[in-house]
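Next comes work_36.txt, with compact mmCIF, C-alpha atoms.
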# COMPACT_ATOMS: atom_id res chain seq x y z
CA MET J 1 22.27 2.21 9.63
CA PRO J 2 19.37 -0.03 10.77
CA TYR J 3 19.23 -2.98 8.37
CA CYS J 4 17.78 -6.46 8.68
CA GLU J 5 19.65 -9.17 6.76
CA VAL J 6 16.69 -11.28 5.71
CA GLY J 7 18.52 -14.58 5.19
CA LYS J 8 19.93 -14.66 8.72
CA ALA J 9 16.46 -15.00 10.28
CA GLN J 10 15.06 -17.60 7.86
CA ASN J 11 15.22 -21.33 7.29
CA ALA J 12 17.82 -22.80 4.96
CA VAL J 13 15.62 -22.76 1.83
CA ASP J 14 14.43 -19.15 2.20
CA ALA J 15 17.88 -18.03 3.37
CA ALA J 16 19.45 -19.37 0.17
CA LEU J 17 16.93 -17.43 -1.93
CA ASN J 18 17.42 -14.22 0.06
CA ASN J 19 21.18 -14.30 0.48
CA GLY J 20 22.38 -10.71 0.69
CA ILE J 21 18.92 -9.12 0.81
CA GLN J 22 18.79 -6.26 3.30
CA ILE J 23 15.66 -4.49 4.52
CA TYR J 24 16.00 -0.94 5.80
CA TYR J 25 13.81 0.09 8.73
CA ARG J 26 13.40 2.70 11.47
CA THR J 27 11.79 2.39 14.91
CA TYR J 28 10.04 5.16 16.82
CA GLY J 29 8.74 5.50 20.36
CA HIS J 30 8.93 3.07 23.25
CA GLY J 31 6.56 0.76 25.04
CA PRO J 32 5.22 -2.77 25.31
CA ILE J 33 2.83 -2.40 22.36
CA LYS J 34 4.54 -3.13 19.05
CA VAL J 35 3.23 -1.92 15.66
CA LEU J 36 4.69 -2.86 12.26
CA LEU J 37 3.87 -0.52 9.37
CA ILE J 38 4.19 -1.88 5.80
CA THR J 39 4.16 0.69 3.03
CA GLY J 40 2.73 0.45 -0.47
CA LEU J 41 4.03 0.44 -4.02
CA ALA J 42 6.98 2.79 -4.57
CA GLY J 43 6.66 4.07 -0.99
CA THR J 44 9.35 4.39 1.66
CA HIS J 45 9.22 3.98 5.43
CA ASP J 46 8.51 7.68 5.98
CA SER J 47 5.28 7.43 3.96
CA TRP J 48 3.73 6.53 7.32
CA GLY J 49 4.85 9.83 8.89
CA PRO J 50 1.40 10.98 10.14
CA GLN J 51 0.72 7.55 11.68
CA ILE J 52 4.18 7.30 13.24
CA ARG J 53 3.57 10.61 15.03
CA GLY J 54 0.02 9.64 15.96
CA LEU J 55 0.89 6.21 17.35
CA ALA J 56 4.39 6.64 18.80
CA GLY J 57 3.95 10.27 19.78
CA THR J 58 7.17 11.25 18.02
CA ASP J 59 8.78 11.21 14.58
CA ARG J 60 12.30 10.96 16.01
CA ALA J 61 13.82 7.62 15.14
CA ASN J 62 15.18 5.59 18.04
CA ASP J 63 18.54 5.11 16.33
CA ASP J 64 19.05 8.86 15.93
CA GLU J 65 21.71 9.47 18.57
CA THR J 66 21.66 13.22 18.02
CA MET J 67 18.13 13.48 19.42
CA ALA J 68 17.28 12.90 23.08
CA VAL J 69 13.99 11.00 23.20
CA ASP J 70 11.70 11.73 26.11
CA ARG J 71 10.07 8.34 26.63
CA GLU J 72 7.53 9.56 29.15
CA SER J 73 6.44 12.31 26.76
CA ASP J 74 6.05 9.78 23.96
CA ARG J 75 3.80 7.58 26.09
CA ALA J 76 1.69 10.54 27.11
CA ASN J 77 0.78 11.31 23.50
CA ASN J 78 -1.34 8.21 22.90
CA GLU J 79 -4.28 6.82 24.82
CA VAL J 80 -3.42 3.12 24.88
CA GLY J 81 -0.04 3.18 26.59
CA GLY J 82 3.51 3.08 25.28
CA ILE J 83 3.76 2.15 21.60
CA GLU J 84 6.89 1.29 19.64
CA VAL J 85 6.47 1.58 15.88
CA CYS J 86 8.61 0.07 13.13
CA SER J 87 8.35 1.16 9.50
CA LEU J 88 10.34 -0.36 6.65
CA ASP J 89 11.31 0.05 3.02
CA ASN J 90 10.08 -2.97 1.07
CA ARG J 91 12.56 -4.71 -1.19
CA GLY J 92 12.87 -2.80 -4.44
CA MET J 93 12.52 0.66 -2.91
CA GLY J 94 14.31 3.22 -0.76
CA ARG J 95 17.41 1.98 1.01
CA SER J 96 16.47 -1.70 0.91
CA SER J 97 18.00 -4.15 -1.55
CA VAL J 98 16.73 -4.09 -5.13
CA PRO J 99 16.72 -7.60 -6.66
CA THR J 100 16.90 -7.58 -10.44
CA LYS J 101 14.66 -10.61 -11.10
CA LYS J 102 10.88 -10.29 -11.12
CA SER J 103 10.67 -13.74 -9.55
CA ASP J 104 12.31 -12.25 -6.44
CA TYR J 105 9.20 -10.15 -5.84
CA SER J 106 5.86 -11.40 -4.54
CA THR J 107 3.64 -10.41 -1.64
CA ARG J 108 4.48 -13.74 -0.01
CA ILE J 109 8.23 -13.13 -0.34
CA MET J 110 7.86 -9.61 1.05
CA ALA J 111 5.70 -10.96 3.88
CA LYS J 112 8.62 -13.23 4.78
CA ASP J 113 10.86 -10.15 4.74
CA ALA J 114 8.54 -8.58 7.33
CA ILE J 115 8.54 -11.74 9.45
CA ALA J 116 12.35 -11.79 9.34
CA LEU J 117 12.27 -8.17 10.53
CA LEU J 118 10.10 -9.14 13.51
CA ASP J 119 12.68 -11.80 14.40
CA HIS J 120 15.49 -9.29 13.96
CA LEU J 121 13.75 -6.87 16.33
CA GLY J 122 12.96 -9.61 18.82
CA TRP J 123 9.21 -8.97 18.55
CA LYS J 124 7.24 -12.13 19.21
CA LYS J 125 3.95 -10.48 18.26
CA ALA J 126 2.85 -7.19 16.72
CA HIS J 127 -0.07 -5.20 15.41
CA VAL J 128 0.45 -5.21 11.63
CA PHE J 129 -0.83 -2.31 9.52
CA GLY J 130 -0.40 -2.21 5.74
CA HIS J 131 -1.31 0.33 3.08
CA SER J 132 -2.15 -0.56 -0.55
CA MET J 133 0.49 -3.12 -1.65
CA GLY J 134 1.59 -3.14 1.98
CA ALA J 135 -1.91 -4.32 2.94
CA MET J 136 -1.57 -7.20 0.48
CA ILE J 137 1.75 -8.07 2.12
CA ALA J 138 0.12 -7.80 5.56
CA CYS J 139 -2.60 -10.27 4.46
CA LYS J 140 0.01 -12.81 3.41
CA MET J 141 1.92 -12.26 6.62
CA ALA J 142 -1.22 -12.81 8.71
CA ALA J 143 -1.90 -16.07 6.87
CA LEU J 144 1.70 -17.26 7.27
CA VAL J 145 2.06 -16.50 11.00
CA PRO J 146 -1.41 -15.82 12.45
CA ASP J 147 -0.11 -16.60 15.94
CA ARG J 148 2.19 -13.56 15.76
CA ILE J 149 -0.49 -11.05 14.74
CA LEU J 150 -2.17 -8.97 17.47
CA SER J 151 -4.40 -7.09 15.04
CA LEU J 152 -4.51 -6.41 11.30
CA ALA J 153 -5.29 -3.09 9.59
CA LEU J 154 -5.69 -3.09 5.80
CA LEU J 155 -5.73 0.42 4.34
CA ASN J 156 -6.78 1.09 0.74
CA VAL J 157 -6.41 -2.59 -0.06
CA THR J 158 -7.52 -4.74 -2.98
CA GLY J 159 -7.37 -8.45 -3.66
CA GLY J 160 -4.58 -8.10 -6.21
CA GLY J 161 -4.65 -9.18 -9.84
CA PHE J 162 -7.33 -7.42 -11.88
CA GLU J 163 -8.46 -5.63 -8.71
CA CYS J 164 -5.24 -3.59 -8.90
CA CYS J 165 -6.55 -1.94 -12.06
CA PRO J 166 -7.96 1.53 -11.42
CA LYS J 167 -11.42 2.55 -12.50
CA LEU J 168 -11.34 2.96 -16.26
CA ASP J 169 -12.32 6.51 -17.12
CA ARG J 170 -10.74 9.55 -18.75
CA LYS J 171 -9.16 10.83 -15.53
CA THR J 172 -7.45 7.59 -14.48
CA LEU J 173 -6.33 6.87 -18.05
CA SER J 174 -4.70 10.30 -18.14
CA ILE J 175 -3.04 9.62 -14.76
CA ALA J 176 -1.73 6.25 -15.98
CA ILE J 177 -0.19 7.76 -19.12
CA ARG J 178 1.41 10.61 -17.16
CA PHE J 179 2.74 8.14 -14.58
CA LEU J 180 4.44 6.02 -17.24
CA LYS J 181 5.93 9.09 -18.90
CA ALA J 182 7.20 10.66 -15.67
CA LYS J 183 11.01 10.81 -15.77
CA THR J 184 11.79 13.66 -13.36
CA PRO J 185 10.86 14.36 -9.72
CA GLU J 186 8.72 17.28 -10.92
CA GLN J 187 6.73 15.13 -13.35
CA ARG J 188 6.35 12.33 -10.83
CA ALA J 189 5.24 14.72 -8.08
CA ALA J 190 2.52 16.21 -10.30
CA VAL J 191 0.99 12.84 -11.15
CA ASP J 192 1.39 11.48 -7.62
CA LEU J 193 -0.80 14.26 -6.24
CA ASP J 194 -3.68 13.29 -8.53
CA THR J 195 -3.10 9.65 -7.64
CA HIS J 196 -2.95 10.07 -3.88
CA TYR J 197 -5.55 12.70 -3.01
CA SER J 198 -9.11 13.68 -3.82
CA GLU J 199 -9.56 16.70 -6.08
CA GLU J 200 -11.52 18.51 -3.38
CA TYR J 201 -8.68 18.15 -0.89
CA LEU J 202 -6.02 19.39 -3.34
CA GLU J 203 -7.95 22.53 -4.30
CA GLU J 204 -8.62 23.65 -0.71
CA PHE J 205 -6.73 26.79 0.28
CA VAL J 206 -4.28 26.73 3.17
CA GLY J 207 -3.43 30.38 3.64
CA SER J 208 -2.74 31.96 0.28
CA ASP J 209 -1.93 28.73 -1.57
CA THR J 210 -3.86 25.58 -2.40
CA ARG J 211 -2.79 22.28 -0.92
CA ARG J 212 -1.78 21.21 -4.43
CA VAL J 213 0.86 23.95 -4.57
CA ILE J 214 2.15 23.22 -1.07
CA LEU J 215 2.19 19.43 -1.48
CA TYR J 216 3.80 19.66 -4.92
CA GLN J 217 6.82 21.40 -3.42
CA GLU J 218 7.03 18.82 -0.62
CA TYR J 219 6.73 15.92 -3.06
CA VAL J 220 9.46 17.24 -5.36
CA LYS J 221 11.75 17.66 -2.36
CA GLY J 222 10.94 14.16 -1.04
CA ILE J 223 11.34 12.40 -4.40
CA THR J 224 14.60 14.25 -5.07
CA ALA J 225 15.93 13.18 -1.67
CA SER J 226 14.97 9.49 -1.96
CA GLY J 227 15.46 9.21 -5.71
CA MET J 228 13.15 7.83 -8.38
CA GLN J 229 12.40 4.13 -7.99
CA SER J 230 14.60 1.91 -10.15
CA ASN J 231 13.05 0.04 -13.07
CA HIS J 232 13.89 -3.29 -11.42
CA GLY J 233 12.19 -2.26 -8.19
CA PHE J 234 9.11 -0.81 -9.85
CA GLU J 235 8.58 -3.71 -12.23
CA GLY J 236 9.17 -6.20 -9.42
CA GLN J 237 6.66 -4.57 -7.09
CA ILE J 238 4.09 -4.21 -9.87
CA ASN J 239 4.58 -7.90 -10.62
CA ALA J 240 4.00 -8.71 -6.94
CA CYS J 241 0.71 -6.78 -6.92
CA TRP J 242 -0.50 -8.37 -10.14
CA ARG J 243 0.28 -11.90 -8.94
CA HIS J 244 -1.22 -11.36 -5.49
CA LYS J 245 -4.19 -13.50 -4.56
CA MET J 246 -5.61 -14.61 -1.25
CA THR J 247 -6.86 -18.20 -1.36
CA ARG J 248 -9.87 -19.39 0.59
CA ALA J 249 -7.54 -21.31 2.90
CA GLU J 250 -5.52 -18.14 3.61
CA ILE J 251 -8.69 -16.14 4.28
CA ASP J 252 -9.83 -18.85 6.70
CA LEU J 253 -6.47 -18.70 8.51
CA ILE J 254 -6.98 -14.97 9.09
CA ARG J 255 -10.61 -15.40 10.13
CA SER J 256 -9.65 -18.05 12.67
CA GLY J 257 -6.41 -16.36 13.79
CA GLY J 258 -7.90 -14.89 16.95
CA PHE J 259 -7.24 -11.23 16.09
CA LEU J 260 -9.42 -8.31 14.95
CA VAL J 261 -9.22 -6.70 11.50
CA SER J 262 -9.94 -3.17 10.27
CA VAL J 263 -10.38 -2.50 6.54
CA ILE J 264 -9.93 1.26 6.10
CA HIS J 265 -10.53 2.98 2.77
CA GLY J 266 -11.00 6.35 1.07
CA ARG J 267 -14.20 6.62 -0.95
CA GLN J 268 -12.52 8.75 -3.65
CA ASP J 269 -9.61 6.32 -4.19
CA VAL J 270 -8.92 6.17 -7.95
CA ILE J 271 -6.35 3.35 -7.64
CA ALA J 272 -7.83 0.80 -5.24
CA GLN J 273 -11.56 0.73 -5.83
CA ILE J 274 -13.54 0.64 -2.61
CA ASN J 275 -15.85 -2.16 -3.78
CA HIS J 276 -12.92 -4.57 -3.72
CA ALA J 277 -12.07 -3.56 -0.14
CA ARG J 278 -15.69 -4.05 0.92
CA ARG J 279 -15.71 -7.50 -0.63
CA LEU J 280 -12.51 -8.46 1.21
CA ALA J 281 -14.00 -7.22 4.48
CA GLU J 282 -17.08 -9.38 3.85
CA LYS J 283 -14.86 -12.42 3.29
CA LEU J 284 -13.12 -11.74 6.60
CA GLN J 285 -16.30 -11.80 8.62
CA PRO J 286 -16.91 -12.05 11.51
CA VAL J 287 -13.59 -10.49 12.59
CA ALA J 288 -13.45 -7.44 10.27
CA ARG J 289 -14.76 -3.91 10.57
CA MET J 290 -15.20 -1.73 7.47
CA VAL J 291 -14.20 1.92 7.98
CA GLU J 292 -14.75 4.44 5.18
CA PHE J 293 -13.59 8.05 4.97
CA HIS J 294 -13.93 10.86 2.45
CA GLY J 295 -10.53 10.80 0.80
CA GLY J 296 -8.29 9.39 -1.88
CA HIS J 297 -5.72 6.60 -2.03
CA LEU J 298 -3.49 8.24 0.56
CA VAL J 299 -6.30 8.60 3.07
CA THR J 300 -3.64 8.17 5.77
CA HIS J 301 -2.47 11.71 4.94
CA GLU J 302 -5.74 13.24 3.81
CA ARG J 303 -7.70 12.18 6.89
CA THR J 304 -4.87 11.76 9.37
CA GLU J 305 -6.77 12.30 12.62
CA GLU J 306 -9.64 10.00 11.65
CA VAL J 307 -7.34 7.24 10.42
CA ASN J 308 -5.11 7.46 13.50
CA GLN J 309 -8.16 7.26 15.73
CA ALA J 310 -9.39 4.17 13.86
CA LEU J 311 -5.99 2.51 14.31
CA LEU J 312 -5.86 3.36 18.02
CA GLU J 313 -9.38 1.95 18.43
CA LEU J 314 -8.21 -1.29 16.81
CA ILE J 315 -5.22 -1.51 19.15
CA LYS J 316 -7.37 -0.71 22.18
CA ALA J 317 -10.06 -3.24 21.23
CA SER J 318 -7.38 -5.89 20.71
CA GLU J 319 -5.70 -5.15 24.03
CA MET J 320 -9.13 -5.37 25.74
CA LYS J 321 -9.78 -8.74 24.03
CA MET J 322 -13.01 -7.43 22.47
CA SER J 323 -15.07 -10.16 20.82
CA PRO J 324 -15.49 -10.18 17.02
CA HIS J 325 -19.26 -9.94 17.56
CA ASP J 326 -18.81 -6.57 19.27
CA TRP J 327 -16.10 -5.41 16.85
CA ASN J 328 -17.48 -5.97 13.36
CA ASN J 329 -19.99 -3.48 11.96
CA PHE J 330 -21.57 -5.58 9.22
CA PRO J 331 -25.32 -6.32 9.32
CA LYS J 332 -26.03 -9.67 10.95
CA LYS J 333 -27.07 -12.28 8.40
CA ARG J 334 -30.59 -13.61 8.64
CA SER J 335 -31.49 -17.22 8.04
CA GLY J 336 -32.89 -18.05 4.65
CA VAL J 337 -32.32 -16.46 1.26
CA THR J 338 -33.81 -12.99 1.05
CA GLU J 339 -34.45 -10.79 -1.91
CA ALA J 340 -31.64 -8.50 -0.73
CA SER J 341 -29.11 -11.34 -0.64
CA ASN J 342 -30.15 -12.43 -4.13
CA ARG J 343 -29.69 -8.89 -5.35
CA THR J 344 -26.24 -8.73 -3.71
CA THR J 345 -25.21 -11.97 -5.43
CA VAL J 346 -26.32 -10.66 -8.83
CA GLU J 347 -24.48 -7.40 -8.25
CA ARG J 348 -21.33 -9.28 -7.25
CA GLU J 349 -21.44 -11.47 -10.38
CA THR J 350 -22.05 -8.39 -12.52
CA ASN J 351 -19.08 -6.63 -10.95
CA ILE J 352 -16.85 -9.63 -11.70
CA ILE J 353 -17.89 -9.59 -15.36
CA ILE J 354 -17.32 -5.83 -15.58
CA ALA J 355 -13.93 -6.26 -13.91
CA LYS J 356 -12.86 -8.89 -16.45
CA ILE J 357 -13.89 -6.60 -19.31
CA HIS J 358 -12.00 -3.84 -17.55
CA VAL J 359 -8.83 -5.96 -17.37
CA PHE J 360 -9.12 -6.82 -21.06
CA LEU J 361 -9.38 -3.13 -21.98
CA VAL J 362 -6.45 -2.21 -19.74
CA TYR J 363 -4.46 -5.03 -21.36
CA LEU J 364 -5.24 -3.69 -24.84
CA ILE J 365 -4.26 -0.18 -23.81
CA SER J 366 -0.99 -1.41 -22.30
CA LEU J 367 -0.21 -3.34 -25.49
CA PHE J 368 -0.88 -0.23 -27.56
CA MET J 369 1.33 1.93 -25.33
CA THR J 370 4.14 -0.65 -25.38
CA ALA J 371 3.95 -0.95 -29.16
CA PHE J 372 3.94 2.83 -29.49
CA LYS J 373 6.94 3.17 -27.16
CA TYR J 374 9.09 0.59 -28.94
CA GLY J 375 7.90 1.69 -32.36
CA ARG J 376 8.99 5.24 -31.66
CA SER J 377 12.37 4.14 -30.29
CA SER J 378 12.91 1.92 -33.35
CA LEU J 379 12.20 4.81 -35.70
CA GLN J 380 14.64 6.99 -33.79
CA ARG J 381 17.37 4.38 -34.25
CA LEU J 382 16.90 4.26 -38.03
CA LYS J 383 19.52 6.28 -39.89
CA PRO J 384 18.21 8.08 -42.98
CA VAL J 385 19.92 7.08 -46.22
CA ARG J 386 21.14 10.03 -48.21
CA VAL J 387 20.43 9.73 -51.91
CA GLY J 388 22.54 11.97 -54.06
CA ALA J 389 21.49 13.45 -57.36
CA SER J 390 21.97 11.10 -60.31
CA SER J 391 24.87 12.00 -62.55
CA PRO J 392 24.03 12.89 -66.16
CA LYS J 393 24.85 10.27 -68.68
Written as structure tokens, that's how I'd like the structure from this file.
Amino acid sequence: MPYCEVGKAQNAVDAALNNGIQIYYRTYGHGPIKVLLITGLAGTHDSWGPQIRGLAGTDRANDDETMAVDRESDRANNEVGGIEVCSLDNRGMGRSSVPTKKSDYSTRIMAKDAIALLDHLGWKKAHVFGHSMGAMIACKMAALVPDRILSLALLNVTGGGFECCPKLDRKTLSIAIRFLKAKTPEQRAAVDLDTHYSEEYLEEFVGSDTRRVILYQEYVKGITASGMQSNHGFEGQINACWRHKMTRAEIDLIRSGGFLVSVIHGRQDVIAQINHARRLAEKLQPVARMVEFHGGHLVTHERTEEVNQALLELIKASEMKMSPHDWNNFPKKRSGVTEASNRTTVERETNIIIAKIHVFLVYLISLFMTAFKYGRSSLQRLKPVRVGASSPK
């Protein structure tokens, strides 16, 4: 099985902290162009299936000895030359190690896992694409080793912390409650569909059934095969997302790293709000391009062709050494303070205030749900005391 022992590729300090940690990965396709795919919260390496096929031209893993891989055919299926893709299970999920301490999970720690994987593969440089939590990890990785990044794609990303909180409305509150209550593959599959895709996409008919019906069956099968995420893994990854923050110094390291960035997002994403992605793209100017599609959090599946094309364009632009001036699609700033810029500043400050109120409300709701959960379990543990009838005197 293809595993990377993290500690073997790290310095003495990190190696001591990661002793025994193994990261599971698969590679696909062949060629001089290397692409690392980092998946999101509770996702496994095969979550990138549509992108693996679109970039590598095959979904047959290179370590699968039972399949004969036609390398020339793989190269013919993409327009930028031969691409080798690597996708991994982050610590806490899939076949990778599951540390039991929350302190063993952070986007920085998982970024170091990814760097160790590059060393294990013998890749000096790579295009790094991350989705959701994986995009947070990719940001940290780009700040840690900017000289090893050929390009950076951040899909359905936020800045971590309060930005991880979904939009507070009846629909997302219902999704959150159902997610926490989900104990079986069937329950988890039902809530994942509403989390990952836009309502419009799910209700479209494909033949005689809606996509919701078809995807539900696929999700139940997939979750049953990989298993529900352990409590340690889920809580650790959630903790990593909540603690994630990109400092100004880290942002500057990415901006000056000499590589192009694509921030790709679905407008109907109920988990990672698009305003946060737009703000991150603005901070990454002049090297970032903002790409928006009609779709939900899993826009990689909902708009596969468009997303794959955007990723190939990023690779091609990077290989051609396109200048940031020609790459980014943000309006050029004019000298002086205009009324529009003042309005943007006010809107940004207002959004920050609203976000803080949002976090406070989410915190109150989480406290209520925790109290309810433990209160109910405490009542269930109480044994009723039988009181017999009093004897006559």
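Comparing J:His294, J:Arg267, J:Arg243, J:Lys34 by their smallest distance to Met133 of chain J, the closest is J:Arg243 (using all atoms listed in the file).
Among the candidates J:Glu163, J:Glu218, J:Glu203, J:Glu302, the residue lying nearest to Pro185 of chain J is J:Glu218 (atoms considered: only C-alpha atoms).
Nearest-residue note for His244 of chain J: choosing from J:Tyr24, J:Phe259, J:Phe162, J:Phe205, the minimum distance belongs to J:Phe162, counting all atoms listed in the file.
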Can you build me a table of segment 70-159 of chain J residues sitting at most 10 Å from segment 318-324 of chain J, with the closest atom pair per residue and its distance in Å to one decimal, using only C-alpha atoms, sorted by chain and residue number, as a Markdown table?
| residue | atom | partner | partner_atom | distance |
| --- | --- | --- | --- | --- |
| J:Val80 | CA | J:Glu319 | CA | 8.6 |
| J:His127 | CA | J:Ser318 | CA | 9.1 |
| J:Leu150 | CA | J:Ser318 | CA | 6.9 |
| J:Ser151 | CA | J:Ser318 | CA | 6.5 |
| J:Leu152 | CA | J:Ser318 | CA | 9.9 |
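Here atom CA of Ser226 of chain J stands at a distance of 8.4 Å from atom CA of Thr44 of chain J.
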- prompt: Which residues come within 7 Å of Cys86 of chain J, counting all atoms listed in the file, excluding same-chain residues fewer than 4 positions away, as a list of chain:residue names?
  reply: J:Tyr25, J:Arg26, J:Thr27, J:Tyr28, J:Val35, J:Leu36, J:Leu37
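Taking atom CA of Ala116 of chain J and atom CA of Ile33 of chain J as endpoints, the distance between them is 18.7 Å.
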field: Distance criterion (all atoms listed in the file): nearest to Gly94 of chain J out of J:Gly233, J:Gly20, J:Gly31, J:Gly130
entry: J:Gly233
task: Determine, counting all atoms listed in the file, which protein, DNA and RNA residues have an atom within 8 Å of an atom of His131 of chain J; residues of the same chain fewer than 5 positions away are not included. Present the result as JSON, numbers by chain.
output: {"J": [38, 39, 40, 136, 154, 155, 156, 157]}
- line: Here atom CA of Ser97 of chain J and atom CA of Ile21 of chain J stand apart by 5.6 Å
task: Quick one: residues within 12 Å of (-19.1, -16.8, 9.0) (file frame), counting all atoms listed in the file, please, as a ChimeraX atom specification.
output: /J:251-252,255-256,281-288,324-325,328,330,332-334
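Counting only C-alpha atoms and comparing J:Val6, J:Val98, J:Ala111, J:Leu202, the residue that lies closest to Leu144 of chain J is J:Ala111.
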message: Which residues are close to Ser103 of chain J, i.e. within 9 Å by all atoms listed in the file, leaving aside same-chain residues fewer than 2 positions away? Reply as a PyMOL selection string.
response: chain J and resi 100-101+105-106+236+239-240
Padding 4 Å on every side, please: axis-aligned box over the listed atoms of segment 117-120 of chain J, centre and edge lengths to one decimal in Å, as AutoDock Vina command-line options.
--center_x 12.8 --center_y -10.0 --center_z 12.5 --size_x 13.4 --size_y 11.6 --size_z 11.9
